[in-house]
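Asker: Input structure: coords_10.txt, which contains compact mmCIF, N, CA and C atoms and all ligand atoms.
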# COMPACT_ATOMS: atom_id res chain seq x y z
N MET O 1 71.73 9.79 -12.24
CA MET O 1 70.80 9.37 -13.27
C MET O 1 69.90 8.23 -12.78
N LYS O 2 69.06 8.54 -11.79
CA LYS O 2 68.12 7.53 -11.29
C LYS O 2 66.72 7.96 -11.73
N ASN O 3 65.83 6.97 -11.79
CA ASN O 3 64.45 7.26 -12.13
C ASN O 3 63.59 6.89 -10.91
N GLU O 4 62.90 7.87 -10.39
CA GLU O 4 62.16 7.71 -9.12
C GLU O 4 61.12 6.61 -9.16
N ASN O 5 60.59 6.35 -10.36
CA ASN O 5 59.51 5.37 -10.47
C ASN O 5 60.00 3.99 -10.88
N CYS O 6 61.31 3.80 -10.88
CA CYS O 6 61.86 2.57 -11.44
C CYS O 6 62.28 1.61 -10.33
N ILE O 7 61.70 0.43 -10.34
CA ILE O 7 61.99 -0.55 -9.28
C ILE O 7 63.44 -1.04 -9.34
N PHE O 8 63.99 -1.16 -10.55
CA PHE O 8 65.37 -1.63 -10.65
C PHE O 8 66.36 -0.55 -10.22
N CYS O 9 66.02 0.73 -10.36
CA CYS O 9 66.86 1.80 -9.79
C CYS O 9 66.92 1.62 -8.27
N LYS O 10 65.77 1.35 -7.67
CA LYS O 10 65.71 1.20 -6.20
C LYS O 10 66.48 -0.04 -5.76
N ILE O 11 66.33 -1.14 -6.49
CA ILE O 11 67.05 -2.38 -6.12
C ILE O 11 68.55 -2.18 -6.33
N ALA O 12 68.92 -1.63 -7.49
CA ALA O 12 70.35 -1.49 -7.81
C ALA O 12 71.06 -0.61 -6.80
N ASN O 13 70.34 0.39 -6.29
CA ASN O 13 70.96 1.34 -5.36
C ASN O 13 70.69 1.01 -3.89
N GLY O 14 70.12 -0.19 -3.65
CA GLY O 14 70.00 -0.69 -2.29
C GLY O 14 68.82 -0.14 -1.50
N GLU O 15 67.89 0.60 -2.15
CA GLU O 15 66.71 1.11 -1.43
C GLU O 15 65.70 0.01 -1.20
N ILE O 16 65.71 -0.98 -2.09
CA ILE O 16 64.88 -2.18 -1.90
C ILE O 16 65.86 -3.34 -1.79
N PRO O 17 65.72 -4.18 -0.74
CA PRO O 17 66.68 -5.28 -0.57
C PRO O 17 66.56 -6.34 -1.66
N SER O 18 67.67 -6.98 -1.93
CA SER O 18 67.67 -8.03 -2.95
C SER O 18 68.72 -9.06 -2.57
N LYS O 19 68.65 -10.20 -3.18
CA LYS O 19 69.68 -11.23 -2.99
C LYS O 19 70.84 -10.88 -3.92
N THR O 20 71.81 -10.17 -3.36
CA THR O 20 72.92 -9.64 -4.16
C THR O 20 74.06 -10.64 -4.26
N LEU O 21 74.54 -10.86 -5.49
CA LEU O 21 75.67 -11.76 -5.74
C LEU O 21 76.96 -10.99 -5.92
N TYR O 22 76.83 -9.72 -6.32
CA TYR O 22 78.02 -8.92 -6.62
C TYR O 22 77.59 -7.45 -6.62
N GLU O 23 78.50 -6.59 -6.17
CA GLU O 23 78.21 -5.15 -6.22
C GLU O 23 79.52 -4.38 -6.38
N ASP O 24 79.48 -3.36 -7.23
CA ASP O 24 80.59 -2.40 -7.26
C ASP O 24 79.98 -1.02 -7.43
N GLU O 25 80.79 -0.03 -7.79
CA GLU O 25 80.28 1.35 -7.88
C GLU O 25 79.19 1.51 -8.92
N GLU O 26 79.28 0.72 -9.98
CA GLU O 26 78.38 0.93 -11.13
C GLU O 26 77.27 -0.12 -11.28
N PHE O 27 77.49 -1.30 -10.69
CA PHE O 27 76.55 -2.41 -10.94
C PHE O 27 76.18 -3.15 -9.67
N ARG O 28 75.00 -3.79 -9.73
CA ARG O 28 74.62 -4.78 -8.73
C ARG O 28 74.11 -6.00 -9.51
N VAL O 29 74.51 -7.18 -9.08
CA VAL O 29 74.02 -8.41 -9.69
C VAL O 29 73.14 -9.10 -8.65
N ILE O 30 71.88 -9.40 -9.04
CA ILE O 30 70.90 -9.94 -8.08
C ILE O 30 70.28 -11.22 -8.61
N LEU O 31 69.75 -12.03 -7.70
CA LEU O 31 68.99 -13.19 -8.13
C LEU O 31 67.61 -12.73 -8.62
N ASP O 32 67.18 -13.30 -9.74
CA ASP O 32 65.86 -13.00 -10.30
C ASP O 32 64.78 -13.65 -9.42
N LEU O 33 63.68 -12.90 -9.18
CA LEU O 33 62.60 -13.41 -8.32
C LEU O 33 61.74 -14.44 -9.03
N GLY O 34 61.83 -14.47 -10.35
CA GLY O 34 61.06 -15.46 -11.12
C GLY O 34 62.01 -16.24 -12.02
N PRO O 35 62.90 -17.01 -11.41
CA PRO O 35 64.01 -17.59 -12.17
C PRO O 35 63.60 -18.64 -13.21
N ALA O 36 64.27 -18.61 -14.36
CA ALA O 36 64.09 -19.65 -15.36
C ALA O 36 64.73 -20.95 -14.88
N THR O 37 65.85 -20.83 -14.20
CA THR O 37 66.57 -21.99 -13.67
C THR O 37 67.21 -21.57 -12.34
N LYS O 38 67.76 -22.56 -11.64
CA LYS O 38 68.44 -22.28 -10.37
C LYS O 38 69.65 -21.37 -10.62
N GLY O 39 69.64 -20.20 -9.98
CA GLY O 39 70.76 -19.27 -10.08
C GLY O 39 70.55 -18.14 -11.07
N HIS O 40 69.40 -18.14 -11.78
CA HIS O 40 69.09 -17.06 -12.74
C HIS O 40 69.28 -15.70 -12.05
N ALA O 41 70.15 -14.89 -12.64
CA ALA O 41 70.51 -13.61 -12.03
C ALA O 41 70.41 -12.49 -13.06
N LEU O 42 70.47 -11.26 -12.57
CA LEU O 42 70.35 -10.07 -13.42
C LEU O 42 71.48 -9.11 -13.11
N ILE O 43 72.13 -8.60 -14.14
CA ILE O 43 73.09 -7.50 -13.97
C ILE O 43 72.33 -6.20 -14.12
N LEU O 44 72.38 -5.37 -13.09
CA LEU O 44 71.70 -4.06 -13.14
C LEU O 44 72.72 -2.94 -13.02
N PRO O 45 72.77 -2.03 -13.98
CA PRO O 45 73.55 -0.80 -13.77
C PRO O 45 72.86 0.03 -12.68
N LYS O 46 73.64 0.75 -11.88
CA LYS O 46 73.04 1.59 -10.83
C LYS O 46 72.39 2.84 -11.42
N ASN O 47 72.88 3.29 -12.56
CA ASN O 47 72.23 4.40 -13.25
C ASN O 47 71.10 3.87 -14.12
N HIS O 48 70.13 4.74 -14.37
CA HIS O 48 68.97 4.32 -15.15
C HIS O 48 69.19 4.51 -16.65
N PHE O 49 69.15 3.40 -17.37
CA PHE O 49 69.09 3.40 -18.83
C PHE O 49 67.94 2.47 -19.17
N ALA O 50 67.02 2.92 -19.99
CA ALA O 50 65.81 2.12 -20.22
C ALA O 50 66.12 0.82 -20.94
N ASN O 51 67.10 0.87 -21.81
CA ASN O 51 67.36 -0.30 -22.67
C ASN O 51 68.75 -0.18 -23.30
N LEU O 52 69.06 -1.13 -24.18
CA LEU O 52 70.37 -1.17 -24.83
C LEU O 52 70.66 0.09 -25.63
N TYR O 53 69.61 0.64 -26.26
CA TYR O 53 69.80 1.82 -27.10
C TYR O 53 70.30 3.02 -26.28
N GLU O 54 69.90 3.07 -25.03
CA GLU O 54 70.29 4.20 -24.17
C GLU O 54 71.61 3.96 -23.43
N LEU O 55 72.10 2.74 -23.49
CA LEU O 55 73.29 2.39 -22.70
C LEU O 55 74.55 3.00 -23.31
N PRO O 56 75.34 3.74 -22.52
CA PRO O 56 76.59 4.28 -23.06
C PRO O 56 77.53 3.14 -23.45
N ASP O 57 78.36 3.35 -24.46
CA ASP O 57 79.29 2.31 -24.95
C ASP O 57 80.15 1.76 -23.82
N GLU O 58 80.63 2.67 -23.00
CA GLU O 58 81.55 2.24 -21.93
C GLU O 58 80.85 1.30 -20.94
N THR O 59 79.59 1.62 -20.63
CA THR O 59 78.82 0.77 -19.71
C THR O 59 78.54 -0.58 -20.38
N ALA O 60 78.23 -0.54 -21.66
CA ALA O 60 77.95 -1.78 -22.39
C ALA O 60 79.15 -2.71 -22.34
N ALA O 61 80.32 -2.16 -22.52
CA ALA O 61 81.54 -2.97 -22.48
C ALA O 61 81.74 -3.58 -21.09
N LYS O 62 81.46 -2.77 -20.06
CA LYS O 62 81.62 -3.28 -18.69
C LYS O 62 80.59 -4.36 -18.38
N VAL O 63 79.39 -4.23 -18.92
CA VAL O 63 78.35 -5.25 -18.69
C VAL O 63 78.82 -6.59 -19.23
N MET O 64 79.40 -6.61 -20.42
CA MET O 64 79.84 -7.88 -21.01
C MET O 64 81.01 -8.48 -20.23
N ARG O 65 81.89 -7.62 -19.78
CA ARG O 65 83.01 -8.09 -18.97
C ARG O 65 82.51 -8.73 -17.67
N LEU O 66 81.52 -8.06 -17.05
CA LEU O 66 80.96 -8.57 -15.79
C LEU O 66 80.17 -9.86 -16.04
N ALA O 67 79.45 -9.91 -17.16
CA ALA O 67 78.68 -11.12 -17.51
C ALA O 67 79.63 -12.31 -17.63
N LYS O 68 80.76 -12.09 -18.26
CA LYS O 68 81.73 -13.16 -18.45
C LYS O 68 82.26 -13.65 -17.10
N LYS O 69 82.58 -12.69 -16.25
CA LYS O 69 83.11 -13.03 -14.92
C LYS O 69 82.05 -13.80 -14.10
N MET O 70 80.82 -13.31 -14.10
CA MET O 70 79.75 -13.96 -13.33
C MET O 70 79.47 -15.36 -13.88
N ALA O 71 79.47 -15.49 -15.21
CA ALA O 71 79.20 -16.81 -15.82
C ALA O 71 80.25 -17.82 -15.36
N GLY O 72 81.48 -17.39 -15.30
CA GLY O 72 82.56 -18.28 -14.86
C GLY O 72 82.37 -18.70 -13.41
N THR O 73 82.15 -17.72 -12.55
CA THR O 73 81.96 -18.01 -11.12
C THR O 73 80.74 -18.89 -10.89
N MET O 74 79.63 -18.52 -11.52
CA MET O 74 78.38 -19.25 -11.29
C MET O 74 78.47 -20.68 -11.81
N THR O 75 79.15 -20.86 -12.94
CA THR O 75 79.29 -22.21 -13.51
C THR O 75 80.11 -23.08 -12.56
N GLU O 76 81.15 -22.48 -12.03
CA GLU O 76 82.01 -23.21 -11.08
C GLU O 76 81.24 -23.58 -9.81
N LYS O 77 80.51 -22.60 -9.25
CA LYS O 77 79.86 -22.83 -7.95
C LYS O 77 78.58 -23.65 -8.06
N LEU O 78 77.83 -23.43 -9.15
CA LEU O 78 76.54 -24.13 -9.27
C LEU O 78 76.68 -25.47 -9.98
N GLY O 79 77.77 -25.63 -10.71
CA GLY O 79 77.95 -26.87 -11.47
C GLY O 79 76.98 -27.00 -12.63
N CYS O 80 76.62 -25.85 -13.23
CA CYS O 80 75.70 -25.92 -14.37
C CYS O 80 76.45 -26.44 -15.60
N ASP O 81 75.66 -26.85 -16.61
CA ASP O 81 76.25 -27.49 -17.80
C ASP O 81 76.40 -26.52 -18.97
N GLY O 82 75.75 -25.38 -18.88
CA GLY O 82 75.80 -24.37 -19.94
C GLY O 82 75.28 -23.06 -19.40
N PHE O 83 75.18 -22.07 -20.27
CA PHE O 83 74.85 -20.73 -19.78
C PHE O 83 74.23 -19.91 -20.90
N ASN O 84 73.12 -19.22 -20.62
CA ASN O 84 72.56 -18.25 -21.58
C ASN O 84 72.72 -16.84 -21.05
N LEU O 85 73.15 -15.94 -21.92
CA LEU O 85 73.03 -14.50 -21.66
C LEU O 85 71.84 -14.03 -22.47
N VAL O 86 70.89 -13.37 -21.82
CA VAL O 86 69.69 -12.90 -22.52
C VAL O 86 69.49 -11.44 -22.17
N GLN O 87 69.11 -10.65 -23.14
CA GLN O 87 68.94 -9.21 -22.89
C GLN O 87 67.82 -8.71 -23.80
N ASN O 88 66.68 -8.36 -23.20
CA ASN O 88 65.48 -8.00 -23.95
C ASN O 88 65.32 -6.49 -24.05
N ASN O 89 64.91 -6.02 -25.23
CA ASN O 89 64.69 -4.58 -25.44
C ASN O 89 63.35 -4.37 -26.12
N GLY O 90 62.44 -3.69 -25.43
CA GLY O 90 61.12 -3.41 -25.99
C GLY O 90 60.14 -4.52 -25.64
N GLU O 91 58.87 -4.09 -25.52
CA GLU O 91 57.82 -5.01 -25.12
C GLU O 91 57.72 -6.22 -26.05
N CYS O 92 57.84 -5.97 -27.35
CA CYS O 92 57.67 -7.07 -28.31
C CYS O 92 58.81 -8.07 -28.21
N ALA O 93 59.91 -7.65 -27.60
CA ALA O 93 61.06 -8.54 -27.42
C ALA O 93 61.06 -9.17 -26.03
N GLY O 94 60.00 -8.94 -25.28
CA GLY O 94 59.88 -9.59 -23.98
C GLY O 94 60.35 -8.77 -22.80
N GLN O 95 60.70 -7.49 -23.04
CA GLN O 95 61.14 -6.66 -21.91
C GLN O 95 59.94 -6.27 -21.06
N THR O 96 60.04 -6.51 -19.77
CA THR O 96 58.93 -6.16 -18.87
C THR O 96 59.34 -5.10 -17.85
N VAL O 97 60.64 -4.98 -17.59
CA VAL O 97 61.12 -3.92 -16.69
C VAL O 97 62.03 -3.01 -17.51
N PHE O 98 61.67 -1.73 -17.56
CA PHE O 98 62.32 -0.84 -18.52
C PHE O 98 63.50 -0.08 -17.91
N HIS O 99 64.36 -0.86 -17.31
CA HIS O 99 65.68 -0.44 -16.81
C HIS O 99 66.61 -1.51 -17.34
N PHE O 100 67.60 -1.15 -18.14
CA PHE O 100 68.47 -2.13 -18.77
C PHE O 100 68.90 -3.22 -17.78
N HIS O 101 68.84 -4.45 -18.22
CA HIS O 101 69.38 -5.56 -17.42
C HIS O 101 69.79 -6.69 -18.34
N MET O 102 70.81 -7.40 -17.90
CA MET O 102 71.29 -8.59 -18.61
C MET O 102 70.95 -9.81 -17.78
N HIS O 103 70.23 -10.76 -18.39
CA HIS O 103 69.93 -12.02 -17.69
C HIS O 103 71.14 -12.94 -17.75
N LEU O 104 71.46 -13.54 -16.60
CA LEU O 104 72.49 -14.58 -16.52
C LEU O 104 71.76 -15.86 -16.17
N ILE O 105 71.68 -16.78 -17.11
CA ILE O 105 70.84 -17.97 -16.91
C ILE O 105 71.67 -19.25 -16.99
N PRO O 106 71.97 -19.82 -15.82
CA PRO O 106 72.68 -21.11 -15.82
C PRO O 106 71.78 -22.18 -16.43
N ARG O 107 72.35 -23.08 -17.21
CA ARG O 107 71.56 -24.15 -17.82
C ARG O 107 72.06 -25.51 -17.35
N TYR O 108 71.10 -26.41 -17.15
CA TYR O 108 71.40 -27.74 -16.63
C TYR O 108 70.83 -28.76 -17.60
N GLU O 109 71.57 -29.82 -17.86
CA GLU O 109 71.07 -30.89 -18.72
C GLU O 109 69.67 -31.26 -18.26
N GLY O 110 68.71 -31.25 -19.19
CA GLY O 110 67.34 -31.69 -18.87
C GLY O 110 66.57 -30.70 -18.02
N ASP O 111 66.97 -29.42 -17.99
CA ASP O 111 66.23 -28.45 -17.14
C ASP O 111 64.86 -28.08 -17.71
N GLY O 112 64.61 -28.47 -18.95
CA GLY O 112 63.27 -28.30 -19.52
C GLY O 112 62.95 -26.87 -19.94
N GLN O 113 63.87 -25.94 -19.77
CA GLN O 113 63.60 -24.55 -20.18
C GLN O 113 63.85 -24.40 -21.68
N LYS O 114 63.14 -23.45 -22.28
CA LYS O 114 63.34 -23.19 -23.71
C LYS O 114 63.66 -21.71 -23.89
N ILE O 115 64.83 -21.41 -24.41
CA ILE O 115 65.14 -20.03 -24.75
C ILE O 115 65.52 -20.08 -26.22
N GLY O 116 64.60 -19.71 -27.08
CA GLY O 116 64.93 -19.89 -28.49
C GLY O 116 63.89 -19.30 -29.41
N TRP O 117 63.90 -19.75 -30.65
CA TRP O 117 62.97 -19.26 -31.65
C TRP O 117 62.76 -20.34 -32.69
N LYS O 118 61.69 -20.13 -33.47
CA LYS O 118 61.39 -21.05 -34.56
C LYS O 118 62.17 -20.55 -35.76
N PRO O 119 63.12 -21.32 -36.29
CA PRO O 119 63.95 -20.83 -37.40
C PRO O 119 63.13 -20.57 -38.65
N GLY O 120 63.37 -19.44 -39.32
CA GLY O 120 62.75 -19.15 -40.62
C GLY O 120 63.52 -19.87 -41.73
N GLU O 121 63.01 -19.70 -42.98
CA GLU O 121 63.70 -20.34 -44.12
C GLU O 121 63.84 -19.35 -45.27
N PRO O 122 64.59 -18.27 -45.06
CA PRO O 122 64.70 -17.25 -46.10
C PRO O 122 65.49 -17.75 -47.31
N THR O 123 65.15 -17.21 -48.48
CA THR O 123 65.93 -17.51 -49.68
C THR O 123 67.20 -16.67 -49.65
N GLN O 124 68.15 -16.99 -50.51
CA GLN O 124 69.38 -16.19 -50.63
C GLN O 124 69.04 -14.75 -51.02
N GLU O 125 68.02 -14.60 -51.89
CA GLU O 125 67.61 -13.24 -52.33
C GLU O 125 67.07 -12.45 -51.13
N GLU O 126 66.25 -13.09 -50.34
CA GLU O 126 65.69 -12.40 -49.17
C GLU O 126 66.81 -12.00 -48.19
N LEU O 127 67.75 -12.89 -47.99
CA LEU O 127 68.88 -12.56 -47.09
C LEU O 127 69.66 -11.38 -47.65
N GLU O 128 69.83 -11.34 -48.98
CA GLU O 128 70.57 -10.25 -49.61
C GLU O 128 69.83 -8.91 -49.43
N GLU O 129 68.50 -8.94 -49.57
CA GLU O 129 67.69 -7.74 -49.37
C GLU O 129 67.87 -7.20 -47.95
N ILE O 130 67.85 -8.11 -47.01
CA ILE O 130 67.99 -7.71 -45.60
C ILE O 130 69.39 -7.15 -45.36
N ARG O 131 70.36 -7.83 -45.93
CA ARG O 131 71.75 -7.36 -45.77
C ARG O 131 71.88 -5.92 -46.26
N LYS O 132 71.29 -5.66 -47.45
CA LYS O 132 71.37 -4.30 -48.03
C LYS O 132 70.65 -3.28 -47.17
N GLN O 133 69.52 -3.72 -46.59
CA GLN O 133 68.74 -2.80 -45.74
C GLN O 133 69.52 -2.38 -44.50
N ILE O 134 70.32 -3.30 -44.00
CA ILE O 134 71.04 -3.02 -42.75
C ILE O 134 72.32 -2.23 -43.01
N LEU O 135 72.94 -2.42 -44.14
CA LEU O 135 74.24 -1.76 -44.42
C LEU O 135 74.17 -0.25 -44.31
P1 LIG X 1 62.64 -8.75 -18.72
O1 LIG X 1 61.40 -9.53 -19.06
O2 LIG X 1 62.34 -7.27 -18.60
O3 LIG X 1 63.80 -9.03 -19.63
O4 LIG X 1 63.10 -9.28 -17.31
C1 LIG X 1 62.60 -8.82 -16.11
C2 LIG X 1 63.03 -9.84 -15.07
O5 LIG X 1 62.99 -9.20 -13.80
C3 LIG X 1 62.13 -11.06 -14.97
O6 LIG X 1 62.92 -12.22 -15.13
C4 LIG X 1 61.51 -10.95 -13.57
O7 LIG X 1 61.37 -12.22 -12.96
C5 LIG X 1 62.51 -10.09 -12.85
N1 LIG X 1 61.95 -9.24 -11.80
C6 LIG X 1 60.87 -8.43 -11.91
N2 LIG X 1 60.68 -7.74 -10.77
C7 LIG X 1 61.68 -8.13 -9.92
C8 LIG X 1 62.02 -7.77 -8.57
O8 LIG X 1 61.37 -6.94 -7.92
N3 LIG X 1 63.12 -8.35 -8.04
C9 LIG X 1 63.87 -9.27 -8.73
N4 LIG X 1 64.93 -9.79 -8.11
N5 LIG X 1 63.56 -9.65 -9.99
C10 LIG X 1 62.49 -9.08 -10.58
ZN ZN X 2 65.89 2.45 -13.38
Please render this file's structure as structure tokens.
Answerer:
Amino acid sequence: MKNENCIFCKIANGEIPSKTLYEDEEFRVILDLGPATKGHALILPKNHFANLYELPDETAAKVMRLAKKMAGTMTEKLGCDGFNLVQNNGECAGQTVFHFHMHLIPRYEGDGQKIGWKPGEPTQEELEEIRKQIL
């Protein structure tokens, strides 16, 4: 399940070289070329799934397990003070490469990066409407 036109398929499967931190049969973890912070890395499945919606449940579970393991190792080795897991789906959500990937972003006191949002102020009624819509 590879996509010939996908750069992350090529990187994950070793056709394009990358700074690899970890590799097994299903995944490659690489350093991001445009890092938010020192050590910013990406978990790439070797098979092509465009986004979270396409990801099989079993792969999704393995991604989280691997993210946890990498976060532990990277925190220990880099001495970072915190950690963000970020995963974008769709252009409006900031996805720019349409091969599923999980960002591993070490955070350092005073690193000046912002990963967040402007909080809204919904009423209890509005929250209830949304809750009903999702159920
Ligand atoms: P997205 O915006 O889709 O969630 O994240 C794409 C990420 O991939 C960005 O952080 C970007 O810096 C990174 N990226 C894009 N192309 C390459 C590449 O060829 N190699 C590596 N290592 N990272 C890449
Ligand atoms: Zn791909």
Asker: List the neighbours of range 11-26 of chain O out to 8 Å using only N, CA and C atoms; skip same-chain residues closer than 3 positions along the sequence, and give me the result as a list of chain:residue names.
Answerer: O:Cys6, O:Ile7, O:Phe8, O:Val29, O:Ile30, O:Leu31, O:Asp32, O:Leu44, O:Pro45, O:Lys46, O:Asn47
Asker: Quick one: write out the picked residues with N, CA and C atoms as a PDB file, in the frame of the given file?
Answerer:
ATOM      1  N   CYS O   6      61.310   3.800 -10.880  1.00  0.00           N
ATOM      2  CA  CYS O   6      61.860   2.570 -11.440  1.00  0.00           C
ATOM      3  C   CYS O   6      62.280   1.610 -10.330  1.00  0.00           C
ATOM      4  N   ILE O   7      61.700   0.430 -10.340  1.00  0.00           N
ATOM      5  CA  ILE O   7      61.990  -0.550  -9.280  1.00  0.00           C
ATOM      6  C   ILE O   7      63.440  -1.040  -9.340  1.00  0.00           C
ATOM      7  N   PHE O   8      63.990  -1.160 -10.550  1.00  0.00           N
ATOM      8  CA  PHE O   8      65.370  -1.630 -10.650  1.00  0.00           C
ATOM      9  C   PHE O   8      66.360  -0.550 -10.220  1.00  0.00           C
ATOM     10  N   VAL O  29      74.510  -7.180  -9.080  1.00  0.00           N
ATOM     11  CA  VAL O  29      74.020  -8.410  -9.690  1.00  0.00           C
ATOM     12  C   VAL O  29      73.140  -9.100  -8.650  1.00  0.00           C
ATOM     13  N   ILE O  30      71.880  -9.400  -9.040  1.00  0.00           N
ATOM     14  CA  ILE O  30      70.900  -9.940  -8.080  1.00  0.00           C
ATOM     15  C   ILE O  30      70.280 -11.220  -8.610  1.00  0.00           C
ATOM     16  N   LEU O  31      69.750 -12.030  -7.700  1.00  0.00           N
ATOM     17  CA  LEU O  31      68.990 -13.190  -8.130  1.00  0.00           C
ATOM     18  C   LEU O  31      67.610 -12.730  -8.620  1.00  0.00           C
ATOM     19  N   ASP O  32      67.180 -13.300  -9.740  1.00  0.00           N
ATOM     20  CA  ASP O  32      65.860 -13.000 -10.300  1.00  0.00           C
ATOM     21  C   ASP O  32      64.780 -13.650  -9.420  1.00  0.00           C
ATOM     22  N   LEU O  44      72.380  -5.370 -13.090  1.00  0.00           N
ATOM     23  CA  LEU O  44      71.700  -4.060 -13.140  1.00  0.00           C
ATOM     24  C   LEU O  44      72.720  -2.940 -13.020  1.00  0.00           C
ATOM     25  N   PRO O  45      72.770  -2.030 -13.980  1.00  0.00           N
ATOM     26  CA  PRO O  45      73.550  -0.800 -13.770  1.00  0.00           C
ATOM     27  C   PRO O  45      72.860   0.030 -12.680  1.00  0.00           C
ATOM     28  N   LYS O  46      73.640   0.750 -11.880  1.00  0.00           N
ATOM     29  CA  LYS O  46      73.040   1.590 -10.830  1.00  0.00           C
ATOM     30  C   LYS O  46      72.390   2.840 -11.420  1.00  0.00           C
ATOM     31  N   ASN O  47      72.880   3.290 -12.560  1.00  0.00           N
ATOM     32  CA  ASN O  47      72.230   4.400 -13.250  1.00  0.00           C
ATOM     33  C   ASN O  47      71.100   3.870 -14.120  1.00  0.00           C
TER      34      ASN O  47
END
Asker: Interatomic distance between atom O5 of ligand LIG 1 (chain X) and atom C of Met74 in chain O?
Answerer: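 Result for atom O5 of ligand LIG 1 (chain X) versus atom C of Met74 in chain O: 19.4 Å, one decimal.
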Asker: Residues at most 8 Å from ligand ZN 2 (chain X), using only C-alpha atoms and all ligand atoms? Could they come as a list of chain:residue names?
Answerer: O:Lys2, O:Asn3, O:Glu4, O:Asn5, O:Cys6, O:Ile7, O:Phe8, O:Cys9, O:Lys10, O:Lys46, O:Asn47, O:His48, O:Phe49, O:Ala50, O:Phe98, O:His99, O:Phe100
Asker: Save the residues we just selected, N, CA and C atoms, as a short mmCIF file (atom, residue, chain, number, x, y, z; two decimals), keeping the file's coordinate frame?
Answerer:
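part_25.cif, freshly written:
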data_model
loop_
_atom_site.label_atom_id
_atom_site.label_comp_id
_atom_site.auth_asym_id
_atom_site.auth_seq_id
_atom_site.Cartn_x
_atom_site.Cartn_y
_atom_site.Cartn_z
N LYS O 2 69.06 8.54 -11.79
CA LYS O 2 68.12 7.53 -11.29
C LYS O 2 66.72 7.96 -11.73
N ASN O 3 65.83 6.97 -11.79
CA ASN O 3 64.45 7.26 -12.13
C ASN O 3 63.59 6.89 -10.91
N GLU O 4 62.90 7.87 -10.39
CA GLU O 4 62.16 7.71 -9.12
C GLU O 4 61.12 6.61 -9.16
N ASN O 5 60.59 6.35 -10.36
CA ASN O 5 59.51 5.37 -10.47
C ASN O 5 60.00 3.99 -10.88
N CYS O 6 61.31 3.80 -10.88
CA CYS O 6 61.86 2.57 -11.44
C CYS O 6 62.28 1.61 -10.33
N ILE O 7 61.70 0.43 -10.34
CA ILE O 7 61.99 -0.55 -9.28
C ILE O 7 63.44 -1.04 -9.34
N PHE O 8 63.99 -1.16 -10.55
CA PHE O 8 65.37 -1.63 -10.65
C PHE O 8 66.36 -0.55 -10.22
N CYS O 9 66.02 0.73 -10.36
CA CYS O 9 66.86 1.80 -9.79
C CYS O 9 66.92 1.62 -8.27
N LYS O 10 65.77 1.35 -7.67
CA LYS O 10 65.71 1.20 -6.20
C LYS O 10 66.48 -0.04 -5.76
N LYS O 46 73.64 0.75 -11.88
CA LYS O 46 73.04 1.59 -10.83
C LYS O 46 72.39 2.84 -11.42
N ASN O 47 72.88 3.29 -12.56
CA ASN O 47 72.23 4.40 -13.25
C ASN O 47 71.10 3.87 -14.12
N HIS O 48 70.13 4.74 -14.37
CA HIS O 48 68.97 4.32 -15.15
C HIS O 48 69.19 4.51 -16.65
N PHE O 49 69.15 3.40 -17.37
CA PHE O 49 69.09 3.40 -18.83
C PHE O 49 67.94 2.47 -19.17
N ALA O 50 67.02 2.92 -19.99
CA ALA O 50 65.81 2.12 -20.22
C ALA O 50 66.12 0.82 -20.94
N PHE O 98 61.67 -1.73 -17.56
CA PHE O 98 62.32 -0.84 -18.52
C PHE O 98 63.50 -0.08 -17.91
N HIS O 99 64.36 -0.86 -17.31
CA HIS O 99 65.68 -0.44 -16.81
C HIS O 99 66.61 -1.51 -17.34
N PHE O 100 67.60 -1.15 -18.14
CA PHE O 100 68.47 -2.13 -18.77
C PHE O 100 68.90 -3.22 -17.78
#
Asker: I'd like the interatomic distance between atom C6 of ligand LIG 1 (chain X) and CA of Lys38 in chain O, to a tenth of an Å.
Answerer: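 So the answer is 15.9 Å.
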Asker: If you count all atoms listed in the file, which residues end up within 5 Å of ligand LIG 1 (chain X), as a ChimeraX atom specification?
Answerer: /O:31-34,88,94-97
Asker: State, in Å with one decimal place, the distance from CA of Gln87 in chain O to CA of Leu52 in chain O.
Answerer: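 Pair CA of Gln87 in chain O / CA of Leu52 in chain O returns 8.4 Å.
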Asker: Counting all atoms listed in the file, which residue out of O:Ala93, O:Ile43, O:Lys132, O:Met1 sits closest to Ala67 in chain O?
Answerer: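 Once distances to Ala67 in chain O are computed over all atoms listed in the file, the minimum belongs to O:Ile43.
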Asker: Just list the residues in range 27-123 of chain O DSSP gives strand (DSSP E) on the backbone, as a ChimeraX atom specification.
Answerer: /O:27-31,41-45,82-86,102-107
Asker: Using only C-alpha atoms, find each residue in range 9-37 of chain O having at least one atom no more than 9 Å away from range 102-112 of chain O; report its shortest atom-to-atom pair and that distance in Å (one decimal), rows by chain then rising number, as CSV.
Answerer:
residue,atom,partner,partner_atom,distance
O:Asp32,CA,O:His103,CA,8.5
O:Pro35,CA,O:Ile105,CA,8.3
O:Ala36,CA,O:Ile105,CA,7.1
O:Thr37,CA,O:Pro106,CA,6.5
Asker: Would you mind exporting the chosen residues as an mmCIF file, in the coordinates of the input, restricted to N, CA and C atoms?
Answerer:
data_model
loop_
_atom_site.group_PDB
_atom_site.id
_atom_site.type_symbol
_atom_site.label_atom_id
_atom_site.label_comp_id
_atom_site.auth_asym_id
_atom_site.auth_seq_id
_atom_site.Cartn_x
_atom_site.Cartn_y
_atom_site.Cartn_z
ATOM 1 N N ASP O 32 67.180 -13.300 -9.740
ATOM 2 C CA ASP O 32 65.860 -13.000 -10.300
ATOM 3 C C ASP O 32 64.780 -13.650 -9.420
ATOM 4 N N PRO O 35 62.900 -17.010 -11.410
ATOM 5 C CA PRO O 35 64.010 -17.590 -12.170
ATOM 6 C C PRO O 35 63.600 -18.640 -13.210
ATOM 7 N N ALA O 36 64.270 -18.610 -14.360
ATOM 8 C CA ALA O 36 64.090 -19.650 -15.360
ATOM 9 C C ALA O 36 64.730 -20.950 -14.880
ATOM 10 N N THR O 37 65.850 -20.830 -14.200
ATOM 11 C CA THR O 37 66.570 -21.990 -13.670
ATOM 12 C C THR O 37 67.210 -21.570 -12.340
#
